[in-house]
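Source file: entry_17.pdb. Holds: PDB, C-alpha atoms.
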MODEL        1
ATOM      1  CA  MET A 242      43.894  36.600 -63.005
ATOM      2  CA  THR A 243      44.387  32.896 -63.551
ATOM      3  CA  ALA A 244      42.594  30.030 -61.851
ATOM      4  CA  PRO A 245      43.025  29.330 -58.132
ATOM      5  CA  ILE A 246      44.932  26.428 -56.660
ATOM      6  CA  PHE A 247      43.046  24.524 -53.965
ATOM      7  CA  PHE A 248      45.208  23.348 -51.057
ATOM      8  CA  SER A 249      43.981  20.384 -49.045
ATOM      9  CA  VAL A 250      43.309  20.228 -45.336
ATOM     10  CA  ASP A 251      42.480  16.545 -45.633
ATOM     11  CA  GLU A 252      41.832  15.873 -41.944
ATOM     12  CA  ASP A 253      39.255  16.992 -39.410
ATOM     13  CA  ILE A 254      41.585  19.387 -37.610
ATOM     14  CA  ASP A 255      40.351  21.406 -34.647
ATOM     15  CA  ALA A 256      40.489  25.183 -34.166
ATOM     16  CA  ALA A 257      43.729  25.009 -32.170
ATOM     17  CA  THR A 258      45.481  23.118 -34.975
ATOM     18  CA  TRP A 259      44.058  25.539 -37.526
ATOM     19  CA  LYS A 260      45.477  28.519 -35.600
ATOM     20  CA  SER A 261      48.824  26.934 -34.701
ATOM     21  CA  ALA A 262      49.672  25.285 -38.026
ATOM     22  CA  ALA A 263      47.220  25.371 -40.923
ATOM     23  CA  VAL A 264      46.560  29.117 -41.089
ATOM     24  CA  GLN A 265      50.325  29.720 -40.995
ATOM     25  CA  TRP A 266      50.717  27.312 -43.930
ATOM     26  CA  PHE A 267      48.059  29.246 -45.856
ATOM     27  CA  ARG A 268      49.783  32.554 -45.066
ATOM     28  CA  GLY A 269      52.985  31.097 -46.487
ATOM     29  CA  ILE A 270      51.080  30.051 -49.613
ATOM     30  CA  ASN A 271      49.597  33.554 -49.809
ATOM     31  CA  SER A 272      53.095  35.058 -49.704
ATOM     32  CA  VAL A 273      53.945  33.214 -52.929
ATOM     33  CA  LEU A 274      50.637  32.944 -54.842
ATOM     34  CA  GLY A 275      48.684  35.792 -53.317
ATOM     35  CA  VAL A 276      45.341  35.419 -51.573
ATOM     36  CA  ALA A 277      43.405  35.848 -54.832
ATOM     37  CA  ARG A 278      44.749  32.548 -56.248
ATOM     38  CA  THR A 279      44.593  30.530 -53.020
ATOM     39  CA  GLY A 280      41.766  28.076 -52.331
ATOM     40  CA  ILE A 281      41.040  25.429 -49.715
ATOM     41  CA  TYR A 282      39.701  21.879 -49.851
ATOM     42  CA  GLY A 283      38.389  20.664 -46.510
ATOM     43  CA  GLY A 284      35.431  20.231 -44.199
ATOM     44  CA  ARG A 285      32.899  22.933 -43.286
ATOM     45  CA  ARG A 286      34.852  24.268 -40.310
ATOM     46  CA  GLN A 287      38.180  24.399 -42.141
ATOM     47  CA  CYS A 288      36.593  26.267 -45.068
ATOM     48  CA  GLY A 289      34.910  28.692 -42.671
ATOM     49  CA  TRP A 290      38.131  29.374 -40.778
ATOM     50  CA  ALA A 291      39.996  30.051 -44.031
ATOM     51  CA  ILE A 292      37.317  32.543 -45.059
ATOM     52  CA  ALA A 293      37.244  34.236 -41.635
ATOM     53  CA  ASP A 294      41.043  34.527 -41.554
ATOM     54  CA  GLY A 295      41.170  35.976 -45.070
ATOM     55  CA  VAL A 296      43.574  33.390 -46.490
ATOM     56  CA  ILE A 297      41.534  32.322 -49.545
ATOM     57  CA  GLY A 298      40.390  34.363 -52.503
ATOM     58  CA  ALA A 299      37.001  35.193 -53.957
ATOM     59  CA  SER A 300      35.361  33.747 -57.039
ATOM     60  CA  SER A 301      34.064  36.200 -59.627
ATOM     61  CA  SER A 302      30.636  34.658 -58.895
ATOM     62  CA  PRO A 303      29.094  36.994 -56.313
ATOM     63  CA  GLY A 304      29.124  35.688 -52.757
ATOM     64  CA  HIS A 305      31.466  32.758 -53.425
ATOM     65  CA  ARG A 306      34.992  32.030 -52.182
ATOM     66  CA  TRP A 307      37.652  29.549 -53.300
ATOM     67  CA  ALA A 308      36.332  26.888 -50.920
ATOM     68  CA  TRP A 309      35.909  23.267 -52.051
ATOM     69  CA  GLN A 310      34.021  21.633 -49.221
ATOM     70  CA  THR A 311      33.986  17.894 -48.635
ATOM     71  CA  LYS A 312      31.056  16.110 -47.028
ATOM     72  CA  ALA A 313      33.607  14.358 -44.818
ATOM     73  CA  TRP A 314      34.099  16.137 -41.487
ATOM     74  CA  SER A 315      31.290  18.611 -42.242
ATOM     75  CA  ARG A 316      28.771  17.110 -39.799
ATOM     76  CA  GLY A 317      25.904  17.791 -42.197
ATOM     77  CA  GLU A 318      26.706  21.518 -42.357
ATOM     78  CA  ARG A 319      27.293  23.439 -45.592
ATOM     79  CA  GLU A 320      29.560  26.417 -46.271
ATOM     80  CA  PRO A 321      27.234  28.764 -48.203
ATOM     81  CA  THR A 322      30.061  30.543 -50.033
ATOM     82  CA  ALA A 323      31.811  27.398 -51.343
ATOM     83  CA  VAL A 324      32.240  27.004 -55.110
ATOM     84  CA  LEU A 325      32.419  23.181 -54.993
ATOM     85  CA  PHE A 326      30.922  20.503 -52.738
ATOM     86  CA  GLN A 327      32.209  16.924 -52.653
ATOM     87  CA  ARG A 328      28.986  15.043 -51.881
ATOM     88  CA  GLU A 329      30.181  11.482 -52.497
ATOM     89  CA  VAL A 330      33.496  10.344 -51.075
ATOM     90  CA  VAL A 331      35.014   6.941 -51.826
ATOM     91  CA  THR A 332      35.866   5.091 -48.607
ATOM     92  CA  ALA A 333      36.547   1.475 -47.686
ATOM     93  CA  SER A 334      33.018   1.112 -46.281
ATOM     94  CA  ASP A 335      31.312   3.128 -49.054
ATOM     95  CA  PRO A 336      32.908   2.658 -52.467
ATOM     96  CA  GLY A 337      30.822   5.475 -53.968
ATOM     97  CA  PHE A 338      29.781   5.710 -57.588
ATOM     98  CA  VAL A 339      31.267   3.571 -60.325
ATOM     99  CA  ILE A 340      32.024   4.990 -63.763
ATOM    100  CA  ASP A 341      33.626   2.757 -66.379
ATOM    101  CA  GLY A 342      34.583   0.289 -63.665
ATOM    102  CA  LYS A 343      36.287   2.909 -61.469
ATOM    103  CA  HIS A 344      35.086   4.147 -58.081
ATOM    104  CA  VAL A 345      34.857   7.939 -58.126
ATOM    105  CA  ASP A 346      34.062  10.837 -55.820
ATOM    106  CA  VAL A 347      31.255  13.166 -56.930
ATOM    107  CA  ASN A 348      31.552  16.952 -56.718
ATOM    108  CA  ASP A 349      28.775  19.495 -57.244
ATOM    109  CA  VAL A 350      29.557  22.828 -58.906
ATOM    110  CA  LEU A 351      27.934  25.627 -56.866
ATOM    111  CA  ALA A 352      29.062  28.724 -58.777
ATOM    112  CA  ALA A 353      29.521  29.683 -62.428
ATOM    113  CA  ASP A 354      33.155  30.540 -61.624
ATOM    114  CA  PHE A 355      34.352  27.514 -59.670
ATOM    115  CA  GLY A 356      38.022  27.943 -60.547
ATOM    116  CA  GLN A 357      38.077  26.418 -64.028
ATOM    117  CA  TRP A 358      41.008  27.316 -66.267
ATOM    118  CA  ASP A 359      39.088  28.348 -69.386
ATOM    119  CA  LEU A 360      37.064  31.160 -67.787
ATOM    120  CA  ALA A 361      38.056  34.747 -68.551
ATOM    121  CA  ARG A 362      38.265  36.608 -65.236
TER     122      ARG A 362
ENDMDL
END
Output the file's structure as structure tokens, nothing else.
Amino acid sequence: MTAPIFFSVDEDIDAATWKSAAVQWFRGINSVLGVARTGIYGGRRQCGWAIADGVIGASSSPGHRWAWQTKAWSRGEREPTAVLFQREVVTASDPGFVIDGKHVDVNDVLAADFGQWDLAR
């Protein structure tokens, strides 16, 4: 198996929007890539819904799914099965960390297999 592709739900959508639009989008993605290669980037609820609806795959790290959770829209909650967590997000009011003069987001790796390309699976 090759690495997953993380698809972004880059808004704080509600459950009705998840069920009426986003989950259908993920099912379409699954029909082309397969569930095993499909991941999600989004807030805690969006990651949880993707896991519950079975539209994202599992990492080879036990207990982890292809979920890349952002701090934004997560209301302080964490998805325990996520492989990545975006803990610093650049915004107009909070420019985040600066590396070599550039403002950057910061992501924490939560599993040995977080979807990197060079890992034999």
Once 5 Å is added on each side, what are the centre and the three edge lengths, in Å to one decimal, of the axis-aligned box enclosing the listed atoms of region 283-299 of chain A? Present them as lines of an AutoDock Vina configuration file.
center_x = 38.2
center_y = 28.1
center_z = -47.1
size_x = 20.7
size_y = 25.7
size_z = 23.6
**Request:** Would you write out, as number ranges by chain, every residue that the PyMOL selection byres ((chain A and resi 272-287) around 8) captures in this file?
**Result:** A: 242-254, 259, 268-271, 288-291, 295-299, 306-316, 318-320
Using only C-alpha atoms, please write the residues we just selected to a file, as a compact mmCIF listing (two decimals), in the coordinates of the input.
# COMPACT_ATOMS: atom_id res chain seq x y z
CA MET A 242 43.89 36.60 -63.00
CA THR A 243 44.39 32.90 -63.55
CA ALA A 244 42.59 30.03 -61.85
CA PRO A 245 43.02 29.33 -58.13
CA ILE A 246 44.93 26.43 -56.66
CA PHE A 247 43.05 24.52 -53.96
CA PHE A 248 45.21 23.35 -51.06
CA SER A 249 43.98 20.38 -49.04
CA VAL A 250 43.31 20.23 -45.34
CA ASP A 251 42.48 16.55 -45.63
CA GLU A 252 41.83 15.87 -41.94
CA ASP A 253 39.26 16.99 -39.41
CA ILE A 254 41.58 19.39 -37.61
CA TRP A 259 44.06 25.54 -37.53
CA ARG A 268 49.78 32.55 -45.07
CA GLY A 269 52.98 31.10 -46.49
CA ILE A 270 51.08 30.05 -49.61
CA ASN A 271 49.60 33.55 -49.81
CA CYS A 288 36.59 26.27 -45.07
CA GLY A 289 34.91 28.69 -42.67
CA TRP A 290 38.13 29.37 -40.78
CA ALA A 291 40.00 30.05 -44.03
CA GLY A 295 41.17 35.98 -45.07
CA VAL A 296 43.57 33.39 -46.49
CA ILE A 297 41.53 32.32 -49.54
CA GLY A 298 40.39 34.36 -52.50
CA ALA A 299 37.00 35.19 -53.96
CA ARG A 306 34.99 32.03 -52.18
CA TRP A 307 37.65 29.55 -53.30
CA ALA A 308 36.33 26.89 -50.92
CA TRP A 309 35.91 23.27 -52.05
CA GLN A 310 34.02 21.63 -49.22
CA THR A 311 33.99 17.89 -48.64
CA LYS A 312 31.06 16.11 -47.03
CA ALA A 313 33.61 14.36 -44.82
CA TRP A 314 34.10 16.14 -41.49
CA SER A 315 31.29 18.61 -42.24
CA ARG A 316 28.77 17.11 -39.80
CA GLU A 318 26.71 21.52 -42.36
CA ARG A 319 27.29 23.44 -45.59
CA GLU A 320 29.56 26.42 -46.27
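One finds CA of Ser261 (chain A) at 26.4 Å from CA of Leu325 (chain A).
Across the model, the gap from CA of Val347 (chain A) to CA of Val330 (chain A) is 6.9 Å.
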**Request:** Quick one: apply the PyMOL selection byres ((chain A and resi 331) around 7) to the file and drop the selected residues here as a ChimeraX atom specification.
**Result:** /A:329-330,332,335-337,344-346
Please dump the current selection as an mmCIF file, in the coordinates of the input; keep C-alpha atoms.
data_model
loop_
_atom_site.group_PDB
_atom_site.id
_atom_site.type_symbol
_atom_site.label_atom_id
_atom_site.label_comp_id
_atom_site.auth_asym_id
_atom_site.auth_seq_id
_atom_site.Cartn_x
_atom_site.Cartn_y
_atom_site.Cartn_z
ATOM 1 C CA GLU A 329 30.181 11.482 -52.497
ATOM 2 C CA VAL A 330 33.496 10.344 -51.075
ATOM 3 C CA THR A 332 35.866 5.091 -48.607
ATOM 4 C CA ASP A 335 31.312 3.128 -49.054
ATOM 5 C CA PRO A 336 32.908 2.658 -52.467
ATOM 6 C CA GLY A 337 30.822 5.475 -53.968
ATOM 7 C CA HIS A 344 35.086 4.147 -58.081
ATOM 8 C CA VAL A 345 34.857 7.939 -58.126
ATOM 9 C CA ASP A 346 34.062 10.837 -55.820
#
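CA of Leu351 (chain A) sits 25.0 Å away from CA of Ala263 (chain A).
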